[in-house]
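Trainee: File follows, data.cif with mmCIF, C-alpha atoms and all ligand atoms:
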data_protein
loop_
_atom_site.group_PDB
_atom_site.id
_atom_site.type_symbol
_atom_site.label_atom_id
_atom_site.label_comp_id
_atom_site.auth_asym_id
_atom_site.auth_seq_id
_atom_site.Cartn_x
_atom_site.Cartn_y
_atom_site.Cartn_z
ATOM 1 C CA MET A 1 123.396 113.049 116.705
ATOM 2 C CA LYS A 2 124.092 116.374 115.038
ATOM 3 C CA VAL A 3 123.253 116.737 111.328
ATOM 4 C CA ALA A 4 124.320 119.800 109.338
ATOM 5 C CA ILE A 5 124.147 121.045 105.742
ATOM 6 C CA ARG A 6 126.953 122.864 103.949
ATOM 7 C CA ASP A 7 126.543 124.539 100.555
ATOM 8 C CA ASP A 8 129.541 125.908 98.637
ATOM 9 C CA ASP A 9 130.224 128.694 96.139
ATOM 10 C CA THR A 10 127.889 131.535 97.070
ATOM 11 C CA SER A 11 129.618 134.608 95.607
ATOM 12 C CA TYR A 12 128.989 137.812 93.651
ATOM 13 C CA PHE A 13 127.707 135.548 90.827
ATOM 14 C CA THR A 14 124.918 134.024 92.973
ATOM 15 C CA THR A 15 121.334 135.268 92.845
ATOM 16 C CA PRO A 16 118.961 135.071 95.832
ATOM 17 C CA GLU A 17 116.596 133.098 93.574
ATOM 18 C CA ALA A 18 119.224 130.415 92.937
ATOM 19 C CA LEU A 19 119.587 129.807 96.689
ATOM 20 C CA SER A 20 115.835 130.032 97.395
ATOM 21 C CA ARG A 21 115.064 127.524 94.675
ATOM 22 C CA VAL A 22 117.067 124.863 96.506
ATOM 23 C CA TYR A 23 116.764 125.861 100.165
ATOM 24 C CA GLY A 24 113.570 127.942 100.358
ATOM 25 C CA ASP A 25 111.795 125.236 102.314
ATOM 26 C CA VAL A 26 114.894 123.568 103.765
ATOM 27 C CA TRP A 27 116.583 126.297 105.811
ATOM 28 C CA SER A 28 113.592 126.843 108.084
ATOM 29 C CA ARG A 29 113.873 123.214 109.286
ATOM 30 C CA ALA A 30 117.658 122.812 109.013
ATOM 31 C CA PRO A 31 120.099 125.753 108.975
ATOM 32 C CA VAL A 32 122.422 125.814 105.963
ATOM 33 C CA CYS A 33 126.100 126.761 106.258
ATOM 34 C CA LEU A 34 126.864 128.790 103.126
ATOM 35 C CA ALA A 35 130.559 128.693 102.217
ATOM 36 C CA VAL A 36 130.989 132.134 100.636
ATOM 37 C CA VAL A 37 133.708 133.467 98.309
ATOM 38 C CA PRO A 38 134.399 137.117 99.274
ATOM 39 C CA PHE A 39 136.239 138.309 96.101
ATOM 40 C CA ALA A 40 135.306 135.759 93.421
ATOM 41 C CA VAL A 41 137.377 135.327 90.284
ATOM 42 C CA GLY A 42 135.569 133.221 87.686
ATOM 43 C CA TYR A 43 136.532 129.698 86.671
ATOM 44 C CA GLU A 44 134.759 127.090 84.561
ATOM 45 C CA GLN A 45 131.642 126.388 86.583
ATOM 46 C CA PRO A 46 127.997 126.280 85.456
ATOM 47 C CA GLY A 47 126.982 128.725 88.227
ATOM 48 C CA ILE A 48 129.277 131.432 86.766
ATOM 49 C CA PRO A 49 128.551 133.211 83.454
ATOM 50 C CA PRO A 50 131.012 131.879 80.818
ATOM 51 C CA ALA A 51 132.105 135.491 80.066
ATOM 52 C CA HIS A 52 133.862 135.449 83.466
ATOM 53 C CA TRP A 53 135.399 131.975 83.324
ATOM 54 C CA HIS A 54 138.714 133.364 82.126
ATOM 55 C CA SER A 55 138.389 137.140 82.625
ATOM 56 C CA GLY A 56 140.582 137.121 85.748
ATOM 57 C CA GLU A 57 138.506 139.957 87.196
ATOM 58 C CA SER A 58 137.801 139.820 90.923
ATOM 59 C CA PHE A 59 134.222 140.574 92.019
ATOM 60 C CA ALA A 60 133.688 141.712 95.600
ATOM 61 C CA LEU A 61 130.510 140.329 97.158
ATOM 62 C CA ASP A 62 129.227 143.864 97.912
ATOM 63 C CA ARG A 63 128.863 144.523 94.167
ATOM 64 C CA ASN A 64 125.736 142.339 94.451
ATOM 65 C CA PRO A 65 123.652 144.361 96.964
ATOM 66 C CA ALA A 66 120.498 142.259 96.470
ATOM 67 C CA LEU A 67 122.416 139.151 97.544
ATOM 68 C CA VAL A 68 124.045 140.939 100.495
ATOM 69 C CA ALA A 69 120.666 142.135 101.828
ATOM 70 C CA PHE A 70 119.230 138.645 101.325
ATOM 71 C CA LEU A 71 122.112 136.971 103.177
ATOM 72 C CA ARG A 72 121.938 139.433 106.099
ATOM 73 C CA GLU A 73 118.257 138.642 106.572
ATOM 74 C CA LEU A 74 118.892 134.881 106.390
ATOM 75 C CA ILE A 75 121.665 135.209 108.974
ATOM 76 C CA ARG A 76 119.521 137.312 111.302
ATOM 77 C CA SER A 77 116.723 134.729 111.164
ATOM 78 C CA ARG A 78 119.264 131.913 111.816
ATOM 79 C CA ARG A 79 118.423 130.116 108.577
ATOM 80 C CA VAL A 80 122.015 130.301 107.343
ATOM 81 C CA THR A 81 125.497 130.668 108.786
ATOM 82 C CA ILE A 82 128.544 131.827 106.831
ATOM 83 C CA ALA A 83 131.846 130.028 106.265
ATOM 84 C CA LEU A 84 134.858 131.387 104.373
ATOM 85 C CA HIS A 85 135.334 129.590 101.026
ATOM 86 C CA GLY A 86 138.738 130.784 99.840
ATOM 87 C CA TYR A 87 139.389 134.409 98.941
ATOM 88 C CA THR A 88 138.956 134.452 95.144
ATOM 89 C CA HIS A 89 138.425 130.684 94.528
ATOM 90 C CA GLN A 90 140.476 131.142 91.377
ATOM 91 C CA ASP A 91 142.328 128.265 89.747
ATOM 92 C CA TYR A 92 146.084 128.534 89.138
ATOM 93 C CA PRO A 93 148.021 126.719 86.413
ATOM 94 C CA ASP A 94 149.642 124.534 89.089
ATOM 95 C CA GLY A 95 146.745 124.013 91.500
ATOM 96 C CA TYR A 96 143.722 125.372 93.316
ATOM 97 C CA GLU A 97 143.732 128.541 95.416
ATOM 98 C CA PHE A 98 144.793 127.046 98.737
ATOM 99 C CA GLN A 99 147.471 124.974 97.074
ATOM 100 C CA SER A 100 149.010 127.609 94.849
ATOM 101 C CA ALA A 101 148.036 131.204 95.655
ATOM 102 C CA PRO A 102 150.552 133.536 97.307
ATOM 103 C CA ASP A 103 149.844 135.229 100.671
ATOM 104 C CA LEU A 104 147.462 132.634 102.083
ATOM 105 C CA PRO A 105 147.586 134.040 105.666
ATOM 106 C CA ASP A 106 146.649 137.447 104.294
ATOM 107 C CA ARG A 107 143.807 136.042 102.188
ATOM 108 C CA LEU A 108 142.380 134.323 105.264
ATOM 109 C CA ARG A 109 142.633 137.418 107.442
ATOM 110 C CA ARG A 110 141.214 139.832 104.880
ATOM 111 C CA GLY A 111 138.518 137.476 103.564
ATOM 112 C CA ARG A 112 137.208 136.674 107.019
ATOM 113 C CA ALA A 113 137.187 140.312 108.192
ATOM 114 C CA TYR A 114 135.434 141.385 104.988
ATOM 115 C CA LEU A 115 132.625 138.806 105.322
ATOM 116 C CA GLU A 116 132.173 139.474 109.044
ATOM 117 C CA THR A 117 131.805 143.228 108.492
ATOM 118 C CA LEU A 118 129.727 143.075 105.309
ATOM 119 C CA LEU A 119 127.336 140.350 106.443
ATOM 120 C CA GLU A 120 127.307 141.314 110.146
ATOM 121 C CA CYS A 121 128.138 137.827 111.383
ATOM 122 C CA ARG A 122 130.889 135.701 112.903
ATOM 123 C CA VAL A 123 132.961 133.410 110.692
ATOM 124 C CA SER A 124 134.682 130.470 112.389
ATOM 125 C CA VAL A 125 134.807 127.849 109.620
ATOM 126 C CA PHE A 126 136.895 127.555 106.463
ATOM 127 C CA VAL A 127 135.945 125.408 103.461
ATOM 128 C CA PRO A 128 138.868 124.916 101.033
ATOM 129 C CA PRO A 129 138.019 125.658 97.368
ATOM 130 C CA HIS A 130 137.741 122.307 95.535
ATOM 131 C CA ASN A 131 138.392 120.722 98.978
ATOM 132 C CA ALA A 132 142.103 121.144 98.189
ATOM 133 C CA LEU A 133 144.695 122.220 100.770
ATOM 134 C CA SER A 134 148.452 122.035 100.482
ATOM 135 C CA LYS A 135 150.596 121.521 103.558
ATOM 136 C CA GLY A 136 151.229 125.296 103.595
ATOM 137 C CA GLY A 137 147.521 125.992 103.053
ATOM 138 C CA LEU A 138 146.636 123.823 106.021
ATOM 139 C CA ALA A 139 149.270 125.543 108.178
ATOM 140 C CA ALA A 140 147.837 128.971 107.252
ATOM 141 C CA VAL A 141 144.255 127.956 108.086
ATOM 142 C CA SER A 142 145.372 126.432 111.376
ATOM 143 C CA ALA A 143 147.308 129.593 112.304
ATOM 144 C CA SER A 144 144.167 131.638 111.618
ATOM 145 C CA ARG A 145 142.284 129.386 114.081
ATOM 146 C CA LEU A 146 139.491 128.661 111.629
ATOM 147 C CA ASN A 147 137.971 125.172 111.832
ATOM 148 C CA ILE A 148 137.920 123.210 108.589
ATOM 149 C CA LEU A 149 134.922 121.567 106.948
ATOM 150 C CA GLY A 150 136.317 119.378 104.204
ATOM 151 C CA SER A 151 135.687 116.346 102.082
ATOM 152 C CA PHE A 152 138.419 113.723 101.906
ATOM 153 C CA LEU A 153 141.178 115.818 103.463
ATOM 154 C CA SER A 154 144.327 113.800 103.968
ATOM 155 C CA PHE A 155 145.161 112.608 107.480
ATOM 156 C CA ARG A 156 148.572 111.221 106.569
ATOM 157 C CA PRO A 157 151.213 112.805 108.772
ATOM 158 C CA SER A 158 153.498 113.311 105.735
ATOM 159 C CA MET A 159 150.818 115.460 104.060
ATOM 160 C CA ARG A 160 150.369 117.749 107.069
ATOM 161 C CA PRO A 161 152.337 120.294 109.065
ATOM 162 C CA TRP A 162 153.683 118.470 112.107
ATOM 163 C CA GLU A 163 152.094 119.137 115.471
ATOM 164 C CA SER A 164 151.710 117.233 118.734
ATOM 165 C CA ARG A 165 148.206 115.922 117.998
ATOM 166 C CA THR A 166 148.992 114.560 114.535
ATOM 167 C CA PRO A 167 149.967 110.994 115.578
ATOM 168 C CA ALA A 168 146.986 110.468 117.904
ATOM 169 C CA ASN A 169 144.561 111.673 115.226
ATOM 170 C CA TRP A 170 146.246 109.445 112.644
ATOM 171 C CA TRP A 171 145.755 106.453 114.962
ATOM 172 C CA ALA A 172 142.105 107.359 115.546
ATOM 173 C CA ILE A 173 141.597 107.228 111.775
ATOM 174 C CA GLN A 174 143.411 103.886 111.530
ATOM 175 C CA ARG A 175 141.259 102.405 114.303
ATOM 176 C CA TYR A 176 138.137 103.636 112.522
ATOM 177 C CA ARG A 177 139.366 102.149 109.250
ATOM 178 C CA ARG A 178 139.806 98.752 110.923
ATOM 179 C CA ALA A 179 136.486 98.959 112.774
ATOM 180 C CA THR A 180 134.643 99.680 109.518
ATOM 181 C CA ARG A 181 136.638 96.942 107.680
ATOM 182 C CA ARG A 182 137.972 99.327 105.074
ATOM 183 C CA THR A 183 141.062 98.557 103.088
ATOM 184 C CA ARG A 184 143.966 101.001 103.008
ATOM 185 C CA GLY A 185 142.956 103.026 99.971
ATOM 186 C CA GLU A 186 139.210 103.047 100.513
ATOM 187 C CA PRO A 187 137.718 106.513 101.067
ATOM 188 C CA LEU A 188 136.613 107.269 104.587
ATOM 189 C CA VAL A 189 134.737 110.087 106.287
ATOM 190 C CA TYR A 190 135.522 110.154 110.005
ATOM 191 C CA PRO A 191 132.321 111.075 111.876
ATOM 192 C CA HIS A 192 133.909 113.084 114.719
ATOM 193 C CA ALA A 193 135.662 116.447 114.775
ATOM 194 C CA LEU A 194 139.423 115.870 114.888
ATOM 195 C CA LYS A 195 140.978 118.417 117.223
ATOM 196 C CA TYR A 196 144.394 119.864 116.488
ATOM 197 C CA SER A 197 146.173 122.420 118.644
ATOM 198 C CA ARG A 198 144.703 125.518 116.996
ATOM 199 C CA HIS A 199 141.826 124.226 114.884
ATOM 200 C CA ALA A 200 139.597 121.199 114.304
ATOM 201 C CA GLU A 201 138.545 119.332 111.160
ATOM 202 C CA PHE A 202 135.316 117.625 110.209
ATOM 203 C CA GLY A 203 134.677 115.648 107.005
ATOM 204 C CA CYS A 204 131.458 116.028 105.001
ATOM 205 C CA HIS A 205 129.522 113.635 102.784
ATOM 206 C CA SER A 206 129.144 114.938 99.246
ATOM 207 C CA LEU A 207 125.836 115.240 97.466
ATOM 208 C CA VAL A 208 126.928 115.438 93.829
ATOM 209 C CA PRO A 209 125.538 114.053 90.541
ATOM 210 C CA GLY A 210 125.375 110.288 90.959
ATOM 211 C CA THR A 211 124.944 110.292 94.758
ATOM 212 C CA THR A 212 122.034 108.085 95.778
ATOM 213 C CA PHE A 213 119.806 108.173 98.834
ATOM 214 C CA ASP A 214 120.877 104.601 99.672
ATOM 215 C CA ALA A 215 124.536 105.640 99.792
ATOM 216 C CA LEU A 216 123.791 108.594 102.059
ATOM 217 C CA GLN A 217 121.695 106.398 104.327
ATOM 218 C CA ARG A 218 124.535 103.866 104.572
ATOM 219 C CA HIS A 219 127.003 106.627 105.499
ATOM 220 C CA PHE A 220 124.544 108.040 108.000
ATOM 221 C CA ASP A 221 123.956 104.635 109.614
ATOM 222 C CA GLU A 222 127.703 104.118 109.962
ATOM 223 C CA ALA A 223 128.220 107.539 111.573
ATOM 224 C CA GLN A 224 125.359 106.845 113.952
ATOM 225 C CA ARG A 225 126.696 103.401 114.855
ATOM 226 C CA PHE A 226 129.947 105.021 115.929
ATOM 227 C CA GLY A 227 128.273 107.766 117.948
ATOM 228 C CA GLY A 228 129.282 110.400 115.418
ATOM 229 C CA ASP A 229 127.719 113.331 113.575
ATOM 230 C CA PHE A 230 126.956 113.970 109.908
ATOM 231 C CA CYS A 231 127.382 116.861 107.472
ATOM 232 C CA LEU A 232 125.973 116.859 103.942
ATOM 233 C CA ALA A 233 127.926 119.029 101.465
ATOM 234 C CA THR A 234 126.648 120.216 98.105
ATOM 235 C CA HIS A 235 126.544 123.086 95.559
ATOM 236 C CA TYR A 236 123.271 124.906 94.917
ATOM 237 C CA TRP A 237 124.212 125.328 91.222
ATOM 238 C CA GLU A 238 124.458 121.580 90.754
ATOM 239 C CA ILE A 239 121.103 120.623 92.296
ATOM 240 C CA ASP A 240 118.761 119.342 89.583
ATOM 241 C CA ALA A 241 115.430 117.584 90.092
ATOM 242 C CA THR A 242 117.137 114.244 90.813
ATOM 243 C CA LEU A 243 119.556 115.635 93.416
ATOM 244 C CA GLU A 244 116.791 117.667 94.984
ATOM 245 C CA GLN A 245 114.817 114.466 95.461
ATOM 246 C CA VAL A 246 117.820 112.730 97.025
ATOM 247 C CA MET A 247 118.402 115.659 99.385
ATOM 248 C CA ARG A 248 114.760 115.807 100.457
ATOM 249 C CA ALA A 249 114.562 112.042 100.969
ATOM 250 C CA PHE A 250 117.704 112.196 103.101
ATOM 251 C CA LEU A 251 116.520 115.140 105.212
ATOM 252 C CA ASP A 252 113.129 113.455 105.756
ATOM 253 C CA PHE A 253 114.890 110.263 106.742
ATOM 254 C CA ALA A 254 117.229 112.089 109.149
ATOM 255 C CA ALA A 255 114.325 114.043 110.658
ATOM 256 C CA ARG A 256 112.589 110.753 111.480
ATOM 257 C CA GLN A 257 115.523 109.529 113.604
ATOM 258 C CA PRO A 258 114.737 110.303 117.236
ATOM 259 C CA SER A 259 118.375 111.099 118.074
ATOM 260 C CA VAL A 260 118.894 113.634 115.282
ATOM 261 C CA ARG A 261 119.156 117.384 115.807
ATOM 262 C CA PHE A 262 119.712 119.658 112.806
ATOM 263 C CA VAL A 263 122.428 122.158 113.744
ATOM 264 C CA PRO A 264 124.425 124.940 112.108
ATOM 265 C CA ALA A 265 127.668 123.363 110.819
ATOM 266 C CA GLU A 266 129.693 125.425 113.336
ATOM 267 C CA GLU A 267 128.191 123.269 116.103
ATOM 268 C CA LEU A 268 129.917 120.169 114.736
ATOM 269 C CA PHE A 269 133.045 121.563 116.409
ATOM 270 C CA THR A 270 131.593 122.212 119.869
HETATM 271 ZN ZN ZN A 301 133.930 125.905 95.694
#
Is it possible to give me this structure as structure tokens?
Ligand SMILES: [Zn+2]

Mentor:
Amino acid sequence: MKVAIRDDDTSYFTTPEALSRVYGDVWSRAPVCLAVVPFAVGYEQPGIPPAHWHSGESFALDRNPALVAFLRELIRSRRVTIALHGYTHQDYPDGYEFQSAPDLPDRLRRGRAYLETLLECRVSVFVPPHNALSKGGLAAVSASRLNILGSFLSFRPSMRPWESRTPANWWAIQRYRRATRRTRGEPLVYPHALKYSRHAEFGCHSLVPGTTFDALQRHFDEAQRFGGDFCLATHYWEIDATLEQVMRAFLDFAARQPSVRFVPAEELFT
């Protein structure tokens, strides 16, 4: 069973210390997939200084050289991998970036090339800002051939661009829903990568304020029962003492399972 960790929102506004505080003794035992914003525009988020919440200014990652050097070293030592987390991550009056921004194909192409060159790494995974993707956003990501790590993405055919694999994947979800005795509206994280013609999707389990170890263990047990894999998704800026304890308890628990192998999140798609 593959287990991976994803952490969102590393950007110009992130300090090396903020990442080390949470992952300093985690990423040597389990690689962390950092979903990075290449040209961050501020929005209301505790990890961003309030002066930039509404400034509209875009900050390229290379304006934070200490962070860039830190990330390069972490990548070289295989403690982190890099995913693309939007282009600016900015919020629009009518939605989040990959629901409402213009030029999504361009943002994907330029954002990916920028991170690959700056951080000297390969980028093969996209994490939608706020886990939100419109039909057009999903079509753009698929055309760019980036795999998607999400949380609660919609599988309903009406919410997606049509393609030949859509019905079979929809039925796989329905079978899983029945097998786990979930009702129609109940949230579900499918524990296998769903392959589409040009990309694949994998759903993560959120570690956010209020998440308990017991809940994560239940989700893990279910994924394991169905021969699946598991990805934990969180935000470094949200990890307080309580969440840190939950994360550590979960990683210790996972490490004790004989079948578990901690992998970079990219390997969930192979
Ligand atoms: Zn984000």

Trainee: Just want the residues within 9 Å of ligand ZN 301 (chain A), written as a list of chain:residue names, counting only C-alpha atoms and all ligand atoms.

Mentor: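 After applying the 9 Å limit, what remains is A:Asp7, A:Asp8, A:Asp9, A:Thr10, A:Ala35, A:Val36, A:Val37, A:His85, A:Gly86, A:His89, A:Val127, A:Pro128, A:Pro129, A:His130, A:Asn131, A:His235.
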
Trainee: I'd like the neighbourhood of region 223-227 of chain A as a PyMOL selection string, where a residue qualifies if any of its atoms comes within 9 Å (using only C-alpha atoms), though same-chain residues fewer than 4 positions away should be ignored.

Mentor: chain A and resi 1+176+189-192+218-219

Trainee: Keeping only C-alpha atoms, write those residues as a short mmCIF file (atom, residue, chain, number, x, y, z; two decimals), keeping the file's coordinate frame.

Mentor:
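File produced: again-v6.cif:
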data_model
loop_
_atom_site.label_atom_id
_atom_site.label_comp_id
_atom_site.auth_asym_id
_atom_site.auth_seq_id
_atom_site.Cartn_x
_atom_site.Cartn_y
_atom_site.Cartn_z
CA MET A 1 123.40 113.05 116.70
CA TYR A 176 138.14 103.64 112.52
CA VAL A 189 134.74 110.09 106.29
CA TYR A 190 135.52 110.15 110.00
CA PRO A 191 132.32 111.08 111.88
CA HIS A 192 133.91 113.08 114.72
CA ARG A 218 124.54 103.87 104.57
CA HIS A 219 127.00 106.63 105.50
#

Trainee: Give me the residues within 8 Å of Gly42 (chain A) as a ChimeraX atom specification, counting only C-alpha atoms and dropping any in the same chain fewer than 6 places off.

Mentor: /A:48,52-58,89-90

Trainee: Pull C-alpha atoms from the residues just selected and write them as a short mmCIF file (atom, residue, chain, number, x, y, z; two decimals), in the frame of the given file.

Mentor:
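To be explicit, this is the file written out as out_22.cif:
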data_model
loop_
_atom_site.label_atom_id
_atom_site.label_comp_id
_atom_site.auth_asym_id
_atom_site.auth_seq_id
_atom_site.Cartn_x
_atom_site.Cartn_y
_atom_site.Cartn_z
CA ILE A 48 129.28 131.43 86.77
CA HIS A 52 133.86 135.45 83.47
CA TRP A 53 135.40 131.98 83.32
CA HIS A 54 138.71 133.36 82.13
CA SER A 55 138.39 137.14 82.62
CA GLY A 56 140.58 137.12 85.75
CA GLU A 57 138.51 139.96 87.20
CA SER A 58 137.80 139.82 90.92
CA HIS A 89 138.43 130.68 94.53
CA GLN A 90 140.48 131.14 91.38
#

Trainee: Hey, which of A:Ser197, A:Tyr43, A:Glu186, A:Arg175 ends up closest to Pro93 (chain A)? Count all atoms listed in the file.

Mentor: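 Closest residue, counting all atoms listed in the file: A:Tyr43.
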
Trainee: Using only C-alpha atoms, find each residue in region 105-219 of chain A having at least one atom no more than 8 Å away from region 249-254 of chain A; report its shortest atom-to-atom pair and that distance in Å (one decimal), rows by chain then rising number, as JSON lines.

Mentor:
{"residue": "A:Phe213", "atom": "CA", "partner": "A:Phe250", "partner_atom": "CA", "distance": 6.2}
{"residue": "A:Leu216", "atom": "CA", "partner": "A:Phe250", "partner_atom": "CA", "distance": 7.1}
{"residue": "A:Gln217", "atom": "CA", "partner": "A:Phe250", "partner_atom": "CA", "distance": 7.1}

Trainee: CA of Asp25 (chain A) to CA of Val263 (chain A): how many Å, to one decimal?

Mentor: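 Straight-line distance from CA of Asp25 (chain A) to CA of Val263 (chain A) works out to 15.9 Å.
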
Trainee: So how many Å separate CA of Glu44 (chain A) and CA of Leu115 (chain A), to one decimal?

Mentor: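 So the answer is 23.9 Å.
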
Trainee: What does the distance from CA of Ser144 (chain A) to CA of Glu267 (chain A) come to in Å, to one decimal?

Mentor: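 About the pair CA of Ser144 (chain A) and CA of Glu267 (chain A): they are 18.6 Å apart.
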
Trainee: Here is a test: counting all atoms listed in the file, which residue of A:Arg184, A:Phe59, A:Ser28, A:Val22 is nearest to Ala40 (chain A)?

Mentor: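 Going through A:Arg184, A:Phe59, A:Ser28, A:Val22 one by one, the smallest distance to Ala40 (chain A) is for A:Phe59.
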
Trainee: Which centre and which edge lengths, in Å to one decimal, describe the axis-aligned box that holds all listed atoms of region 183-195 of chain A after 3 Å is added on each side, as JSON?

Mentor:
{"center_x": 138.1, "center_y": 108.5, "center_z": 108.6, "size_x": 17.6, "size_y": 25.9, "size_z": 23.3}
